[in-house]
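As provided, protein.cif (mmCIF, C-alpha atoms) reads as follows.
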data_my_file
loop_
_atom_site.label_atom_id
_atom_site.label_comp_id
_atom_site.auth_asym_id
_atom_site.auth_seq_id
_atom_site.Cartn_x
_atom_site.Cartn_y
_atom_site.Cartn_z
CA MET A 1191 52.11 18.86 10.58
CA SER A 1192 55.23 19.82 8.65
CA GLU A 1193 57.24 17.37 6.58
CA ALA A 1194 60.25 17.78 8.89
CA THR A 1195 58.29 16.72 11.97
CA THR A 1196 56.31 14.05 10.13
CA LEU A 1197 59.37 12.17 8.85
CA PRO A 1198 62.37 12.15 11.24
CA THR A 1199 65.55 13.54 9.72
CA PRO A 1200 67.61 10.30 9.95
CA LEU A 1201 64.88 8.37 8.15
CA ARG A 1202 64.49 11.07 5.55
CA GLY A 1203 68.22 11.00 4.86
CA TRP A 1204 68.27 7.20 4.54
CA ALA A 1205 65.24 7.15 2.23
CA GLU A 1206 66.56 9.90 -0.01
CA ARG A 1207 69.89 8.12 -0.36
CA GLU A 1208 68.08 4.92 -1.34
CA LEU A 1209 65.85 6.77 -3.79
CA ALA A 1210 68.75 8.80 -5.19
CA GLY A 1211 67.06 12.11 -4.58
CA ALA A 1212 64.68 14.16 -2.47
CA ALA A 1213 61.13 12.90 -2.12
CA PRO A 1214 58.23 14.82 -0.51
CA ALA A 1215 56.70 12.77 2.33
CA ARG A 1216 53.10 12.39 3.48
CA ASP A 1217 52.13 10.66 6.71
CA ALA A 1218 50.09 7.62 5.64
CA SER A 1219 49.89 5.85 9.00
CA HIS A 1220 46.67 4.31 10.22
CA PRO A 1221 45.42 6.60 13.04
CA ARG A 1222 45.21 3.81 15.64
CA GLN A 1223 47.98 1.45 14.62
CA ASN A 1224 51.70 0.97 14.56
CA PRO A 1225 53.77 0.90 12.40
CA ARG A 1226 54.43 4.43 11.17
CA VAL A 1227 54.09 4.76 7.41
CA TRP A 1228 54.93 7.58 5.01
CA GLU A 1229 54.23 7.91 1.31
CA LEU A 1230 57.14 9.34 -0.69
CA VAL A 1231 57.02 10.56 -4.29
CA ARG A 1232 60.29 10.47 -6.22
CA GLY A 1233 61.16 13.13 -8.79
CA ASP A 1234 60.04 10.85 -11.63
CA GLY A 1235 56.60 10.57 -10.03
CA ARG A 1236 57.02 7.01 -8.78
CA ARG A 1237 55.47 6.40 -5.35
CA PHE A 1238 57.07 4.50 -2.48
CA TYR A 1239 56.15 3.75 1.13
CA LEU A 1240 58.53 4.06 4.04
CA LYS A 1241 57.42 1.85 6.91
CA VAL A 1242 58.96 1.74 10.38
CA SER A 1243 58.09 -1.57 12.00
CA ALA A 1244 56.63 -1.65 15.51
CA THR A 1245 59.11 -4.33 16.65
CA ALA A 1246 62.29 -5.99 15.44
CA ARG A 1247 60.37 -9.24 15.01
CA MET A 1248 57.82 -7.59 12.70
CA TYR A 1249 60.63 -5.98 10.72
CA GLU A 1250 62.32 -9.35 10.27
CA ARG A 1251 59.07 -11.07 9.26
CA GLU A 1252 58.07 -8.44 6.72
CA THR A 1253 61.54 -8.21 5.22
CA PHE A 1254 61.65 -11.99 4.83
CA ALA A 1255 58.15 -12.07 3.32
CA LEU A 1256 58.87 -9.38 0.75
CA ARG A 1257 62.12 -11.03 -0.27
CA HIS A 1258 61.14 -14.68 -0.31
CA ALA A 1259 57.36 -15.14 -0.50
CA ALA A 1260 55.38 -12.12 -1.70
CA PRO A 1261 56.98 -12.14 -5.18
CA ALA A 1262 55.05 -15.37 -5.81
CA LEU A 1263 51.85 -13.29 -5.96
CA GLY A 1264 52.95 -11.64 -9.20
CA ALA A 1265 53.73 -8.14 -10.42
CA GLY A 1266 51.54 -5.46 -8.87
CA ARG A 1267 49.96 -7.95 -6.47
CA ALA A 1268 52.19 -7.13 -3.47
CA PRO A 1269 54.77 -4.45 -2.62
CA GLN A 1270 58.31 -4.91 -3.85
CA LEU A 1271 61.10 -4.33 -1.35
CA HIS A 1272 63.31 -1.49 -2.58
CA ALA A 1273 65.53 -1.23 0.53
CA SER A 1274 65.55 -2.09 4.22
CA SER A 1275 67.42 -0.83 7.29
CA ALA A 1276 67.78 -2.97 10.39
CA GLU A 1277 69.14 0.11 12.19
CA HIS A 1278 65.89 2.00 11.70
CA LEU A 1279 63.60 -1.08 11.50
CA ALA A 1280 62.55 0.53 8.23
CA LEU A 1281 61.40 -0.85 4.90
CA LEU A 1282 61.14 1.12 1.68
CA THR A 1283 58.70 -0.50 -0.71
CA THR A 1284 57.04 0.24 -4.01
CA ALA A 1285 53.45 1.43 -3.92
CA VAL A 1286 50.76 -1.03 -4.98
CA PRO A 1287 47.77 0.23 -6.99
CA GLY A 1288 44.44 0.35 -5.22
CA ARG A 1289 42.81 1.04 -1.88
CA PRO A 1290 41.60 -1.29 0.88
CA ALA A 1291 38.53 -3.14 -0.37
CA LYS A 1292 36.62 -2.26 2.81
CA GLU A 1293 36.99 1.48 2.07
CA LEU A 1294 35.68 1.36 -1.49
CA PRO A 1295 32.07 1.73 -2.70
CA LEU A 1296 32.15 -1.52 -4.64
CA THR A 1297 29.27 -3.10 -6.47
CA ALA A 1298 28.30 -6.60 -5.34
CA ALA A 1299 30.04 -8.03 -8.40
CA GLU A 1300 33.23 -6.03 -7.78
CA GLU A 1301 33.33 -7.02 -4.13
CA TYR A 1302 32.82 -10.66 -5.03
CA GLU A 1303 35.67 -10.52 -7.56
CA ALA A 1304 37.98 -8.70 -5.12
CA HIS A 1305 37.53 -11.47 -2.57
CA ARG A 1306 37.81 -14.21 -5.18
CA GLN A 1307 41.13 -12.80 -6.34
CA GLY A 1308 42.20 -12.31 -2.73
CA GLY A 1309 41.71 -16.03 -2.14
CA LEU A 1310 43.58 -16.91 -5.32
CA LEU A 1311 46.57 -14.79 -4.26
CA LEU A 1312 46.54 -16.21 -0.74
CA ALA A 1313 46.76 -19.71 -2.20
CA ARG A 1314 49.90 -18.65 -4.08
CA LEU A 1315 51.39 -17.18 -0.91
CA HIS A 1316 50.69 -20.33 1.10
CA THR A 1317 52.84 -22.40 -1.25
CA ALA A 1318 55.71 -19.88 -1.38
CA GLY A 1319 58.96 -20.11 0.55
CA ASP A 1320 61.04 -23.03 1.72
CA LEU A 1321 59.16 -24.94 4.43
CA THR A 1322 62.09 -26.92 5.81
CA GLY A 1323 64.26 -27.09 8.90
CA HIS A 1324 63.36 -24.76 11.75
CA TRP A 1325 60.64 -23.11 9.62
CA ARG A 1326 58.73 -26.42 9.53
CA ALA A 1327 59.27 -26.99 13.25
CA GLU A 1328 57.91 -23.51 14.01
CA ALA A 1329 54.90 -24.10 11.77
CA GLU A 1330 54.13 -27.47 13.37
CA ASP A 1331 54.25 -25.89 16.84
CA ALA A 1332 52.15 -22.84 15.95
CA LEU A 1333 48.77 -24.11 17.20
CA HIS A 1334 50.24 -25.31 20.48
CA ALA A 1335 51.88 -21.89 20.93
CA ALA A 1336 48.58 -20.14 20.21
CA ALA A 1337 46.78 -22.29 22.78
CA HIS A 1338 49.51 -21.57 25.34
CA ARG A 1339 48.89 -17.82 24.96
CA ALA A 1340 45.21 -18.25 25.78
CA ASP A 1341 45.81 -18.23 29.54
CA ARG A 1342 47.58 -14.86 29.34
CA HIS A 1343 44.84 -13.34 27.19
CA LEU A 1344 42.14 -14.66 29.52
CA GLU A 1345 43.89 -13.09 32.49
CA GLU A 1346 44.27 -9.77 30.67
CA ALA A 1347 40.63 -9.76 29.53
CA GLY A 1348 39.48 -10.28 33.13
CA ASP A 1349 35.83 -9.50 33.78
CA ARG A 1350 35.23 -8.53 30.17
CA LEU A 1351 34.28 -12.21 29.84
CA THR A 1352 31.53 -14.04 31.69
CA PRO A 1353 32.42 -17.22 33.60
CA ALA A 1354 30.76 -19.24 30.86
CA GLN A 1355 32.87 -17.52 28.21
CA HIS A 1356 36.03 -18.20 30.24
CA THR A 1357 35.10 -21.87 30.41
CA LEU A 1358 34.39 -22.03 26.69
CA VAL A 1359 37.69 -20.46 25.68
CA ARG A 1360 39.69 -22.71 27.99
CA HIS A 1361 37.89 -25.68 26.44
CA LEU A 1362 38.67 -24.47 22.92
CA ALA A 1363 42.34 -23.91 23.82
CA GLY A 1364 42.51 -27.46 25.14
CA ARG A 1365 41.03 -28.85 21.95
CA LEU A 1366 43.49 -26.81 19.89
CA ARG A 1367 46.43 -28.34 21.75
CA HIS A 1368 45.33 -31.73 20.49
CA ALA A 1369 44.52 -30.74 16.90
CA GLY A 1370 45.92 -33.20 14.41
CA PRO A 1371 48.28 -32.42 11.53
CA LEU A 1372 47.06 -29.60 9.28
CA PRO A 1373 48.24 -28.20 5.94
CA LEU A 1374 51.21 -25.88 6.51
CA GLY A 1375 52.44 -22.96 4.46
CA PHE A 1376 53.60 -19.37 4.47
CA ILE A 1377 50.74 -17.29 5.84
CA HIS A 1378 50.05 -13.57 5.51
CA GLY A 1379 49.18 -13.31 9.21
CA ALA A 1380 46.72 -10.42 8.86
CA ALA A 1381 44.62 -11.41 5.87
CA GLY A 1382 41.60 -9.16 6.21
CA PRO A 1383 39.81 -6.51 4.13
CA ARG A 1384 42.09 -3.75 5.47
CA ASN A 1385 45.12 -5.37 3.79
CA LEU A 1386 43.29 -6.50 0.64
CA LEU A 1387 43.66 -3.76 -1.98
CA TRP A 1388 41.47 -3.41 -5.04
CA SER A 1389 42.07 -1.44 -8.23
CA GLY A 1390 40.26 -3.72 -10.62
CA ARG A 1391 42.89 -6.25 -9.54
CA ALA A 1392 43.48 -7.53 -6.02
CA ALA A 1393 46.73 -7.15 -4.10
CA TRP A 1394 47.90 -7.90 -0.56
CA VAL A 1395 49.89 -5.54 1.68
CA GLY A 1396 50.88 -5.60 5.37
CA PHE A 1397 53.15 -8.62 5.82
CA ALA A 1398 54.48 -7.79 9.31
CA ARG A 1399 52.83 -10.88 10.85
CA SER A 1400 53.69 -13.30 8.05
CA ARG A 1401 55.32 -16.62 8.92
CA PHE A 1402 55.21 -20.35 8.32
CA ALA A 1403 52.18 -21.84 10.10
CA PRO A 1404 49.06 -23.93 9.52
CA VAL A 1405 47.36 -22.10 6.66
CA VAL A 1406 44.02 -22.12 8.49
CA GLN A 1407 45.38 -19.34 10.70
CA ASP A 1408 45.04 -16.99 7.73
CA PHE A 1409 41.25 -17.39 7.75
CA VAL A 1410 40.59 -16.35 11.37
CA ALA A 1411 40.25 -12.60 10.76
CA LEU A 1412 37.92 -13.22 7.84
CA ALA A 1413 35.80 -15.79 9.69
CA CYS A 1414 35.44 -13.49 12.71
CA GLY A 1415 34.78 -10.46 10.53
CA VAL A 1416 33.33 -10.06 7.07
CA TRP A 1417 32.36 -13.72 6.59
CA ALA A 1418 30.00 -13.57 9.58
CA ASP A 1419 27.60 -11.31 7.69
CA ARG A 1420 28.61 -12.10 4.14
CA PRO A 1421 28.72 -15.85 3.50
CA ARG A 1422 28.73 -15.07 -0.22
CA LEU A 1423 32.18 -13.50 0.24
CA ARG A 1424 33.35 -16.64 2.03
CA GLY A 1425 32.30 -18.61 -1.02
CA ALA A 1426 34.07 -16.15 -3.32
CA PHE A 1427 37.28 -16.23 -1.30
CA LEU A 1428 37.48 -20.00 -0.97
CA GLY A 1429 36.47 -20.36 -4.61
CA GLY A 1430 39.52 -18.33 -5.53
CA TYR A 1431 41.60 -20.22 -2.99
CA GLY A 1432 40.73 -23.40 -4.80
CA ARG A 1433 39.27 -25.54 -2.04
CA GLU A 1434 37.06 -25.62 1.02
CA LEU A 1435 38.53 -26.02 4.48
CA THR A 1436 38.92 -29.60 5.61
CA PRO A 1437 36.89 -30.75 8.65
CA GLN A 1438 40.11 -30.66 10.69
CA GLU A 1439 40.81 -27.08 9.57
CA GLN A 1440 37.25 -26.01 10.37
CA HIS A 1441 37.64 -27.49 13.84
CA ALA A 1442 40.91 -25.60 14.34
CA LEU A 1443 39.34 -22.40 12.96
CA THR A 1444 36.58 -22.58 15.57
CA CYS A 1445 39.14 -22.96 18.35
CA LEU A 1446 41.30 -20.16 16.97
CA ALA A 1447 38.27 -17.87 16.73
CA GLY A 1448 37.71 -18.21 20.48
CA LEU A 1449 41.31 -17.30 21.19
CA ASP A 1450 41.16 -14.37 18.76
CA ALA A 1451 37.99 -13.09 20.42
CA VAL A 1452 39.63 -13.03 23.85
CA ARG A 1453 42.70 -11.27 22.49
CA ALA A 1454 40.38 -8.63 20.99
CA LEU A 1455 38.95 -7.99 24.47
CA THR A 1456 42.31 -7.24 26.11
CA PRO A 1457 42.81 -3.58 27.09
CA GLY A 1458 45.62 -3.02 24.58
CA ALA A 1459 43.66 -4.35 21.62
CA ALA A 1460 40.55 -2.38 22.59
CA HIS A 1461 42.62 0.80 22.86
CA ASP A 1462 44.21 0.32 19.42
CA ASP A 1463 40.95 -0.62 17.73
CA PRO A 1464 37.60 0.38 19.27
CA ASP A 1465 35.84 -2.11 17.00
CA ALA A 1466 37.93 -5.00 18.35
CA ALA A 1467 35.93 -5.46 21.56
CA ALA A 1468 32.62 -5.54 19.69
CA ARG A 1469 34.04 -8.07 17.22
CA GLY A 1470 35.37 -10.21 20.06
CA GLN A 1471 32.06 -10.24 21.91
CA ARG A 1472 30.20 -11.04 18.73
CA THR A 1473 32.48 -13.97 17.99
CA LEU A 1474 32.05 -15.30 21.54
CA HIS A 1475 28.28 -15.02 21.18
CA ARG A 1476 28.40 -17.00 17.93
CA LEU A 1477 30.55 -19.66 19.57
CA MET A 1478 28.33 -19.84 22.66
CA THR A 1479 25.20 -20.24 20.53
CA GLY A 1480 26.80 -22.74 18.16
CA VAL A 1481 26.37 -20.69 14.99
CA PHE A 1482 30.06 -20.10 14.23
CA ALA A 1483 31.01 -21.56 10.85
#

Output the structure of this file as structure tokens.
Amino acid sequence: MSEATTLPTPLRGWAERELAGAAPARDASHPRQNPRVWELVRGDGRRFYLKVSATARMYERETFALRHAAPALGAGRAPQLHASSAEHLALLTTAVPGRPAKELPLTAAEEYEAHRQGGLLLARLHTAGDLTGHWRAEAEDALHAAAHRADRHLEEAGDRLTPAQHTLVRHLAGRLRHAGPLPLGFIHGAAGPRNLLWSGRAAWVGFARSRFAPVVQDFVALACGVWADRPRLRGAFLGGYGRELTPQEQHALTCLAGLDAVRALTPGAAHDDPDAAARGQRTLHRLMTGVFA
């Protein structure tokens, strides 16, 4: 694919104006996911990423995160926002050293340290930003909103779930609606190994789903994924985070895992990520057999 067809001309023009010069572009998008992403190399050799958000809401969330929360992680630990364009739903960010931890042939010690540092950085993110006004109200309502979406996801999943699984998820959604107060903060929203970079130092990328919410929501992808097989990595991550989950958070995490599993079984999710359906079924099996933790 040529550069001209890879990066649309209006975006190329905007990016080159912001970078004060031409920059060769390489398509760096994930093959099964929005948004579209290109790597650009400026004349001085500095690398940037041009990201076109999938929706206006994701653009707004990522722009806010990179301006107001991600800097709390420290230099080189998250992208820096160089420029943004609401017209194009585009963000131009600095490149962060490293590759996704899940793609690297790490030793056991390196993997442990990557997850420990990932937890440490997530703790910094959770205390960033100004949790007041409508941000606090949105965060306090987040679990109720998640439970409300369960009915739609159950309908979309259809016969991909057994009657017993339907009953379980409805029960978990009901329990989530009545969850008590939980620690709130600014969450990453997609805190999993794909967005955890490692270069000898950990960094987080991919803030399109970031928002103020109960911080336990940031552990769902990990609990339904890598932690299921690798409890040692759970220990590393929470060790870096600085604390274990409270009993109330663990209860909410179990409920949220059921909702996440059903969402993974919807046709759209399965199309975007062939591994999603298998992960969803596995989580439901763990919940049905009482081994989810």

Report, as JSON, the axis-aligned box around all atoms of range 1292-1305 of chain A present in the file, extended by 8 Å on each side; give centre and edge lengths in Å to one decimal place.
{"center_x": 33.1, "center_y": -4.9, "center_z": -2.8, "size_x": 25.7, "size_y": 29.2, "size_z": 27.2}

Write out as a PyMOL selection string the residues lying within 8 Å of Gly1390 in chain A, counting all atoms listed in the file and excluding same-chain residues fewer than 6 positions away. chain A and resi 1288+1300+1304

Starting from the shown file, work through the PyMOL selection byres ((chain A and resi 1461-1474) around 12) and note down what comes out as a PyMOL selection string. chain A and resi 1220-1225+1347+1350-1352+1354-1359+1362+1410-1419+1443-1460+1475-1483

Mind telling me what the PyMOL selection byres ((chain A and resi 1368) around 10) catches here, as JSON, numbers by chain? {"A": [1333, 1334, 1337, 1363, 1364, 1365, 1366, 1367, 1369, 1370, 1371, 1442]}

Those same residues, written as a PDB file, in the frame of the given file with C-alpha atoms?
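In the end it all went to again-v3.pdb:
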ATOM      1  CA  LEU A1333      48.770 -24.110  17.200  1.00  0.00           C
ATOM      2  CA  HIS A1334      50.240 -25.310  20.480  1.00  0.00           C
ATOM      3  CA  ALA A1337      46.780 -22.290  22.780  1.00  0.00           C
ATOM      4  CA  ALA A1363      42.340 -23.910  23.820  1.00  0.00           C
ATOM      5  CA  GLY A1364      42.510 -27.460  25.140  1.00  0.00           C
ATOM      6  CA  ARG A1365      41.030 -28.850  21.950  1.00  0.00           C
ATOM      7  CA  LEU A1366      43.490 -26.810  19.890  1.00  0.00           C
ATOM      8  CA  ARG A1367      46.430 -28.340  21.750  1.00  0.00           C
ATOM      9  CA  ALA A1369      44.520 -30.740  16.900  1.00  0.00           C
ATOM     10  CA  GLY A1370      45.920 -33.200  14.410  1.00  0.00           C
ATOM     11  CA  PRO A1371      48.280 -32.420  11.530  1.00  0.00           C
ATOM     12  CA  ALA A1442      40.910 -25.600  14.340  1.00  0.00           C
TER      13      ALA A1442
END

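Here CA of Glu1250 in chain A is placed at a distance of 26.5 Å from CA of Gly1211 in chain A.
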
Å distance separating CA of Ser1400 in chain A from CA of Ala1213 in chain A, one decimal place: 29.1 Å

Need to verify the contact set: Leu1423 in chain A, 7 Å, all atoms listed in the file, exclusion of same-chain residues closer than 4 positions in sequence. Can you return it as a PyMOL selection string? chain A and resi 1302+1305+1417+1427

Could you give me, as a ChimeraX atom specification, the residues that have an atom at most 12 Å away from the point (59.8, -6.1, 11.2) in the coordinates of the file, using all atoms listed in the file? /A:1224-1226,1241-1256,1274-1281,1396-1401

Residues returned when the PyMOL selection byres ((chain A and resi 1284) around 9) runs on this file, as a short mmCIF file (atom, residue, chain, number, x, y, z; two decimals) with C-alpha atoms, keeping the file's coordinate frame:
data_model
loop_
_atom_site.label_atom_id
_atom_site.label_comp_id
_atom_site.auth_asym_id
_atom_site.auth_seq_id
_atom_site.Cartn_x
_atom_site.Cartn_y
_atom_site.Cartn_z
CA ARG A 1236 57.02 7.01 -8.78
CA ARG A 1237 55.47 6.40 -5.35
CA PHE A 1238 57.07 4.50 -2.48
CA TYR A 1239 56.15 3.75 1.13
CA ALA A 1268 52.19 -7.13 -3.47
CA PRO A 1269 54.77 -4.45 -2.62
CA GLN A 1270 58.31 -4.91 -3.85
CA LEU A 1271 61.10 -4.33 -1.35
CA HIS A 1272 63.31 -1.49 -2.58
CA LEU A 1282 61.14 1.12 1.68
CA THR A 1283 58.70 -0.50 -0.71
CA ALA A 1285 53.45 1.43 -3.92
CA VAL A 1286 50.76 -1.03 -4.98
#

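Candidate residues A:Pro1214, A:Gly1382, A:Gly1203, A:Pro1404 were compared for distance to Val1231 in chain A, and the nearest is A:Pro1214, using all atoms listed in the file.
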
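Relative to CA of Gly1432 in chain A, CA of Gln1307 in chain A is found at 10.7 Å.
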
A:Arg1289, A:His1343, A:His1258, A:Arg1267: which is nearest Ala1318 in chain A, counting only C-alpha atoms? A:His1258

Nearby residues (only C-alpha atoms) at most 12 Å from Gly1430 in chain A, same-chain spacing under 3 positions excluded, as a compact mmCIF listing (two decimals) with C-alpha atoms, in the coordinates of the input:
# COMPACT_ATOMS: atom_id res chain seq x y z
CA TYR A 1302 32.82 -10.66 -5.03
CA GLU A 1303 35.67 -10.52 -7.56
CA ALA A 1304 37.98 -8.70 -5.12
CA HIS A 1305 37.53 -11.47 -2.57
CA ARG A 1306 37.81 -14.21 -5.18
CA GLN A 1307 41.13 -12.80 -6.34
CA GLY A 1308 42.20 -12.31 -2.73
CA GLY A 1309 41.71 -16.03 -2.14
CA LEU A 1310 43.58 -16.91 -5.32
CA LEU A 1311 46.57 -14.79 -4.26
CA LEU A 1312 46.54 -16.21 -0.74
CA ALA A 1313 46.76 -19.71 -2.20
CA ARG A 1314 49.90 -18.65 -4.08
CA ALA A 1392 43.48 -7.53 -6.02
CA LEU A 1423 32.18 -13.50 0.24
CA ARG A 1424 33.35 -16.64 2.03
CA GLY A 1425 32.30 -18.61 -1.02
CA ALA A 1426 34.07 -16.15 -3.32
CA PHE A 1427 37.28 -16.23 -1.30
CA ARG A 1433 39.27 -25.54 -2.04
CA GLU A 1434 37.06 -25.62 1.02

Residue with smallest distance to Ala1262 in chain A - pool A:Thr1322, A:Gln1407, A:Ala1212, A:Phe1376, counting all atoms listed in the file: A:Phe1376
